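Dumped coords_27.cif below, it's mmCIF, C-alpha atoms and all ligand atoms:
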data_target
loop_
_atom_site.label_atom_id
_atom_site.label_comp_id
_atom_site.auth_asym_id
_atom_site.auth_seq_id
_atom_site.Cartn_x
_atom_site.Cartn_y
_atom_site.Cartn_z
CA MET A 1 -6.32 24.64 -23.59
CA ASP A 2 -4.95 23.58 -20.20
CA LYS A 3 -2.49 20.71 -20.27
CA PRO A 4 -3.68 17.60 -18.43
CA GLU A 5 -2.12 17.28 -15.00
CA GLN A 6 1.06 15.26 -15.22
CA GLY A 7 2.93 13.24 -12.64
CA ARG A 8 0.14 13.49 -10.13
CA SER A 9 -1.88 10.27 -10.07
CA LEU A 10 -1.44 8.27 -6.91
CA ALA A 11 -2.71 4.78 -6.16
CA VAL A 12 -2.60 3.13 -2.75
CA PHE A 13 -1.62 -0.54 -2.63
CA PRO A 14 -2.63 -1.67 0.87
CA GLY A 15 -1.78 -4.91 2.62
CA SER A 16 -0.03 -6.71 5.43
CA PHE A 17 3.19 -7.28 3.43
CA ASP A 18 4.51 -9.76 6.01
CA PRO A 19 6.76 -9.95 4.05
CA ILE A 20 6.54 -8.37 0.59
CA THR A 21 6.76 -11.07 -2.11
CA ASN A 22 7.56 -11.10 -5.81
CA GLY A 23 3.80 -11.33 -6.37
CA HIS A 24 3.39 -7.94 -4.67
CA LEU A 25 6.27 -6.57 -6.77
CA ASP A 26 4.53 -7.73 -9.91
CA ILE A 27 1.39 -5.81 -8.91
CA VAL A 28 3.38 -2.68 -8.02
CA GLU A 29 5.04 -2.76 -11.44
CA ARG A 30 1.71 -3.14 -13.19
CA GLY A 31 0.38 -0.27 -11.10
CA LEU A 32 3.26 1.95 -12.23
CA ARG A 33 2.19 1.42 -15.85
CA ILE A 34 -1.09 3.14 -15.07
CA PHE A 35 -0.40 5.51 -12.17
CA ASP A 36 2.42 7.97 -11.64
CA ARG A 37 3.02 6.84 -8.10
CA VAL A 38 2.16 3.72 -6.15
CA ARG A 39 2.14 3.92 -2.38
CA THR A 40 2.41 0.62 -0.57
CA ALA A 41 0.48 1.08 2.67
CA ILE A 42 1.08 -1.41 5.45
CA LEU A 43 -1.83 -1.93 7.82
CA ILE A 44 -0.93 -1.60 11.50
CA ASN A 45 -3.05 -4.40 12.90
CA PRO A 46 -2.58 -5.04 16.64
CA GLU A 47 -4.72 -8.19 16.37
CA LYS A 48 -2.26 -9.99 14.09
CA LYS A 49 1.05 -11.48 15.19
CA PRO A 50 3.32 -10.70 12.24
CA LEU A 51 6.74 -12.25 11.67
CA PHE A 52 8.22 -8.87 10.79
CA SER A 53 7.56 -5.71 12.78
CA ILE A 54 5.98 -2.75 11.03
CA ASP A 55 9.36 -0.97 10.92
CA GLU A 56 11.02 -4.02 9.37
CA ARG A 57 8.31 -4.37 6.75
CA VAL A 58 8.69 -0.69 5.87
CA ARG A 59 12.46 -1.11 5.58
CA LEU A 60 12.19 -4.22 3.39
CA ILE A 61 9.96 -2.39 0.92
CA GLN A 62 12.16 0.73 1.02
CA ASP A 63 15.25 -1.37 0.33
CA THR A 64 13.52 -3.24 -2.48
CA TYR A 65 12.54 0.03 -4.17
CA SER A 66 15.54 2.18 -3.23
CA HIS A 67 16.03 3.05 -6.93
CA GLU A 68 12.36 3.66 -7.77
CA PRO A 69 11.17 7.04 -6.45
CA ARG A 70 7.68 6.39 -7.83
CA VAL A 71 7.12 3.70 -5.20
CA GLU A 72 6.41 5.03 -1.74
CA VAL A 73 6.01 3.21 1.58
CA ASP A 74 3.77 4.15 4.45
CA THR A 75 1.79 2.62 7.32
CA PHE A 76 -1.80 3.20 8.27
CA SER A 77 -4.40 2.28 10.83
CA GLY A 78 -8.14 2.82 10.75
CA LEU A 79 -10.21 2.74 7.59
CA LEU A 80 -8.40 2.32 4.31
CA VAL A 81 -10.69 4.75 2.48
CA ASP A 82 -9.95 7.44 5.09
CA TYR A 83 -6.25 6.85 4.63
CA ALA A 84 -6.62 7.14 0.84
CA VAL A 85 -8.40 10.48 1.20
CA LYS A 86 -5.77 11.71 3.66
CA VAL A 87 -2.92 11.09 1.21
CA GLY A 88 -4.80 12.36 -1.85
CA ALA A 89 -5.29 9.01 -3.60
CA THR A 90 -8.48 8.19 -5.46
CA VAL A 91 -7.55 4.62 -6.34
CA ILE A 92 -6.89 1.48 -4.32
CA ILE A 93 -5.02 -1.35 -6.03
CA ARG A 94 -5.61 -4.95 -5.04
CA GLY A 95 -4.09 -8.05 -6.58
CA ILE A 96 -6.31 -10.98 -7.50
CA ARG A 97 -4.41 -14.24 -7.83
CA ALA A 98 -7.26 -16.67 -8.23
CA ILE A 99 -11.03 -16.90 -8.11
CA SER A 100 -10.71 -17.78 -4.43
CA ASP A 101 -9.37 -14.26 -3.76
CA PHE A 102 -12.25 -12.69 -5.58
CA GLU A 103 -15.10 -13.18 -3.13
CA PHE A 104 -13.40 -11.42 -0.23
CA GLU A 105 -11.95 -8.69 -2.46
CA PHE A 106 -15.36 -8.09 -4.04
CA GLN A 107 -16.97 -7.75 -0.60
CA MET A 108 -14.23 -5.41 0.62
CA THR A 109 -14.45 -3.28 -2.53
CA LEU A 110 -18.20 -2.84 -2.27
CA MET A 111 -17.92 -2.00 1.42
CA ASN A 112 -15.18 0.53 0.73
CA ARG A 113 -17.34 2.00 -2.03
CA ARG A 114 -20.22 2.32 0.39
CA LEU A 115 -17.94 4.02 2.90
CA ASN A 116 -16.58 6.41 0.29
CA PRO A 117 -17.92 6.32 -3.29
CA SER A 118 -15.17 8.63 -4.56
CA ILE A 119 -12.47 5.96 -4.04
CA GLU A 120 -12.21 3.42 -6.85
CA THR A 121 -10.68 -0.05 -6.44
CA VAL A 122 -8.71 -1.51 -9.33
CA PHE A 123 -8.03 -5.26 -9.41
CA MET A 124 -4.82 -6.40 -11.08
CA MET A 125 -3.74 -9.93 -11.90
CA PRO A 126 -0.13 -10.90 -11.32
CA ALA A 127 1.80 -13.04 -13.79
CA GLU A 128 0.67 -16.66 -13.70
CA SER A 129 3.96 -17.64 -12.11
CA TYR A 130 2.95 -15.69 -8.99
CA SER A 131 -0.66 -16.83 -8.85
CA TYR A 132 0.14 -19.25 -6.03
CA VAL A 133 2.58 -17.03 -4.08
CA SER A 134 1.50 -15.65 -0.71
CA SER A 135 3.37 -14.22 2.27
CA ARG A 136 1.95 -17.02 4.44
CA LEU A 137 3.24 -19.78 2.16
CA VAL A 138 6.63 -18.11 1.77
CA LYS A 139 7.08 -18.11 5.56
CA GLU A 140 5.91 -21.70 5.85
CA ILE A 141 8.18 -22.95 3.07
CA PHE A 142 11.17 -21.11 4.49
CA GLN A 143 10.56 -22.42 8.03
CA LEU A 144 10.39 -25.95 6.65
CA GLY A 145 13.71 -25.60 4.83
CA GLY A 146 12.46 -24.89 1.31
CA ARG A 147 13.99 -22.32 -1.04
CA VAL A 148 12.19 -19.03 -1.51
CA SER A 149 14.76 -17.30 -3.74
CA ASP A 150 12.34 -17.02 -6.67
CA LEU A 151 9.43 -15.96 -4.50
CA VAL A 152 10.73 -12.91 -2.62
CA PRO A 153 13.18 -10.05 -3.29
CA PRO A 154 16.77 -10.75 -2.13
CA VAL A 155 16.51 -8.36 0.85
CA VAL A 156 13.58 -10.36 2.19
CA GLU A 157 15.35 -13.68 1.75
CA ARG A 158 18.38 -12.27 3.55
CA ARG A 159 16.23 -11.07 6.43
CA LEU A 160 14.44 -14.44 6.64
CA CYS A 161 17.86 -16.11 6.90
CA GLU A 162 18.85 -13.72 9.70
CA VAL A 163 15.60 -14.27 11.61
CA TYR A 164 15.88 -18.06 11.41
CA GLY A 165 19.68 -18.18 11.66
CA THR A 166 20.22 -20.00 8.36
CA PRO A 167 22.87 -19.17 5.74
CA MET A 168 21.84 -17.46 2.49
CA PRO A 169 21.57 -20.14 -0.24
CA SER A 170 23.92 -18.06 -2.43
CA ASP A 171 26.54 -18.11 0.37
CA GLN A 172 26.47 -21.91 0.59
CA PRO A 173 29.02 -23.98 -1.34
CA GLU A 174 27.60 -25.41 -4.55
CA ASP A 175 26.32 -28.95 -4.43
CA PRO A 176 28.53 -30.93 -6.83
CA GLN A 177 25.48 -32.98 -7.82
CA GLY A 178 23.56 -29.83 -8.67
CA ASN A 179 20.83 -30.48 -6.09
CA GLN A 180 18.95 -27.43 -4.86
O1 LIG A 201 -2.63 -8.09 2.70
P1 LIG A 201 -4.01 -8.21 3.30
O2 LIG A 201 -3.92 -8.71 4.72
O3 LIG A 201 -4.93 -9.02 2.43
O4 LIG A 201 -4.63 -6.70 3.35
C1 LIG A 201 -5.92 -6.46 3.88
C2 LIG A 201 -6.19 -4.95 4.00
C3 LIG A 201 -5.07 -4.25 4.76
C4 LIG A 201 -6.28 -4.35 2.62
C5 LIG A 201 -7.56 -4.76 4.73
O5 LIG A 201 -7.56 -5.50 5.90
C6 LIG A 201 -7.85 -3.30 5.07
O6 LIG A 201 -8.05 -2.49 4.20
N1 LIG A 201 -7.89 -2.97 6.36
C7 LIG A 201 -8.10 -1.62 6.84
C8 LIG A 201 -9.38 -1.48 7.66
C9 LIG A 201 -10.56 -1.21 6.76
O7 LIG A 201 -10.62 -0.25 6.02
N2 LIG A 201 -11.53 -2.14 6.84
C10 LIG A 201 -12.73 -2.10 6.02
C11 LIG A 201 -12.48 -2.80 4.70
S1 LIG A 201 -13.99 -3.05 3.88
#
Is it possible to give me this structure as structure tokens?
Ligand code: PNS
Amino acid sequence: MDKPEQGRSLAVFPGSFDPITNGHLDIVERGLRIFDRVRTAILINPEKKPLFSIDERVRLIQDTYSHEPRVEVDTFSGLLVDYAVKVGATVIIRGIRAISDFEFEFQMTLMNRRLNPSIETVFMMPAESYSYVSSRLVKEIFQLGGRVSDLVPPVVERRLCEVYGTPMPSDQPEDPQGNQ
């Protein structure tokens, strides 16, 4: 009997990733438990004004996963289902943080299914501690002087500090009163 194919399953995890957060990382790690490879695919969307350029977003994900060859990074434009077919993926992963995410994700999934019934969408729930984390809130909190150390990978925090010209919290002298 033929052995089942090994090391071949590929899932696409699409998004804006502006920037990648620990919530995204949680979903990638869950994806790796099921699929051999997870490819984060950043949408090139000329209509959005991102904080980080496409190249920077690619680099931040590459740096975050420099020791994990099963995580790949790519960009795409056009229809997601067409991109999935092009790279040989049959599964799209999307994270669902709360019921409020569900309606849009449900609509998108059914539309993608209509466009290409051979591509399946898998919803994954992040750990509860990430259920309220979004790229938009991370940027807002950082801009307003809040700490994002527990919300994004260190490379992203460092880049946020560079963009806004603020020192890394770990580089700052400790507050003798222990305030954060
Ligand atoms: O991180 P986001 O912004 O929630 O990701 C949204 C994304 C990139 C998954 C979605 O906008 C997308 O798939 N766009 C590609 C264009 C497309 O296929 N549109 C039809 C979807 S039904």
Find the residue from A:Ser118, A:Gln62, A:Gln143, A:Asn45 that sits nearest to Ile20 (chain A); use only C-alpha atoms when measuring.
->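 Answer, going by the shortest atom-to-atom distance: A:Gln62.
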Could you give me, as a PDB file with C-alpha atoms, keeping the file's coordinate frame, every polymer residue with an atom at most 7 Å away from an atom of ligand LIG 201 (chain A), counting all atoms listed in the file?
ATOM      1  CA  PRO A  14      -2.630  -1.670   0.870  1.00  0.00           C
ATOM      2  CA  GLY A  15      -1.780  -4.910   2.620  1.00  0.00           C
ATOM      3  CA  SER A  16      -0.030  -6.710   5.430  1.00  0.00           C
ATOM      4  CA  PHE A  17       3.190  -7.280   3.430  1.00  0.00           C
ATOM      5  CA  ILE A  42       1.080  -1.410   5.450  1.00  0.00           C
ATOM      6  CA  LEU A  43      -1.830  -1.930   7.820  1.00  0.00           C
ATOM      7  CA  SER A  77      -4.400   2.280  10.830  1.00  0.00           C
ATOM      8  CA  GLY A  78      -8.140   2.820  10.750  1.00  0.00           C
ATOM      9  CA  LEU A  79     -10.210   2.740   7.590  1.00  0.00           C
ATOM     10  CA  LEU A  80      -8.400   2.320   4.310  1.00  0.00           C
ATOM     11  CA  VAL A  81     -10.690   4.750   2.480  1.00  0.00           C
ATOM     12  CA  MET A 108     -14.230  -5.410   0.620  1.00  0.00           C
ATOM     13  CA  THR A 109     -14.450  -3.280  -2.530  1.00  0.00           C
ATOM     14  CA  MET A 111     -17.920  -2.000   1.420  1.00  0.00           C
ATOM     15  CA  ASN A 112     -15.180   0.530   0.730  1.00  0.00           C
TER      16      ASN A 112
END
CA of Asp36 (chain A) to CA of Arg70 (chain A): how many Å, to one decimal?
-> 6.7 Å
Got a sec: who's within 8 Å of Ser134 (chain A), counting all atoms listed in the file, leaving out chain neighbours fewer than 2 positions off, as a CSV table (one decimal) with C-alpha atoms, in the frame of the given file?
chain,number,residue,atom,x,y,z
A,21,THR,CA,6.8,-11.1,-2.1
A,23,GLY,CA,3.8,-11.3,-6.4
A,132,TYR,CA,0.1,-19.2,-6.0
A,136,ARG,CA,2.0,-17.0,4.4
A,137,LEU,CA,3.2,-19.8,2.2
A,138,VAL,CA,6.6,-18.1,1.8
Could you check which of A:Ile34, A:Leu115, A:Ile44, A:Ile54 is closest to Pro19 (chain A), using all atoms listed in the file?
-> A:Ile54
Point out the residue among A:Phe104, A:Phe142, A:Tyr130, A:Tyr83 with the least atom-to-atom distance to Asn116 (chain A), counting all atoms listed in the file.
-> A:Tyr83
Separation of CA of Val73 (chain A) and CA of Ala11 (chain A), in Å?
->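 Between CA of Val73 (chain A) and CA of Ala11 (chain A) the gap works out to 11.8 Å.
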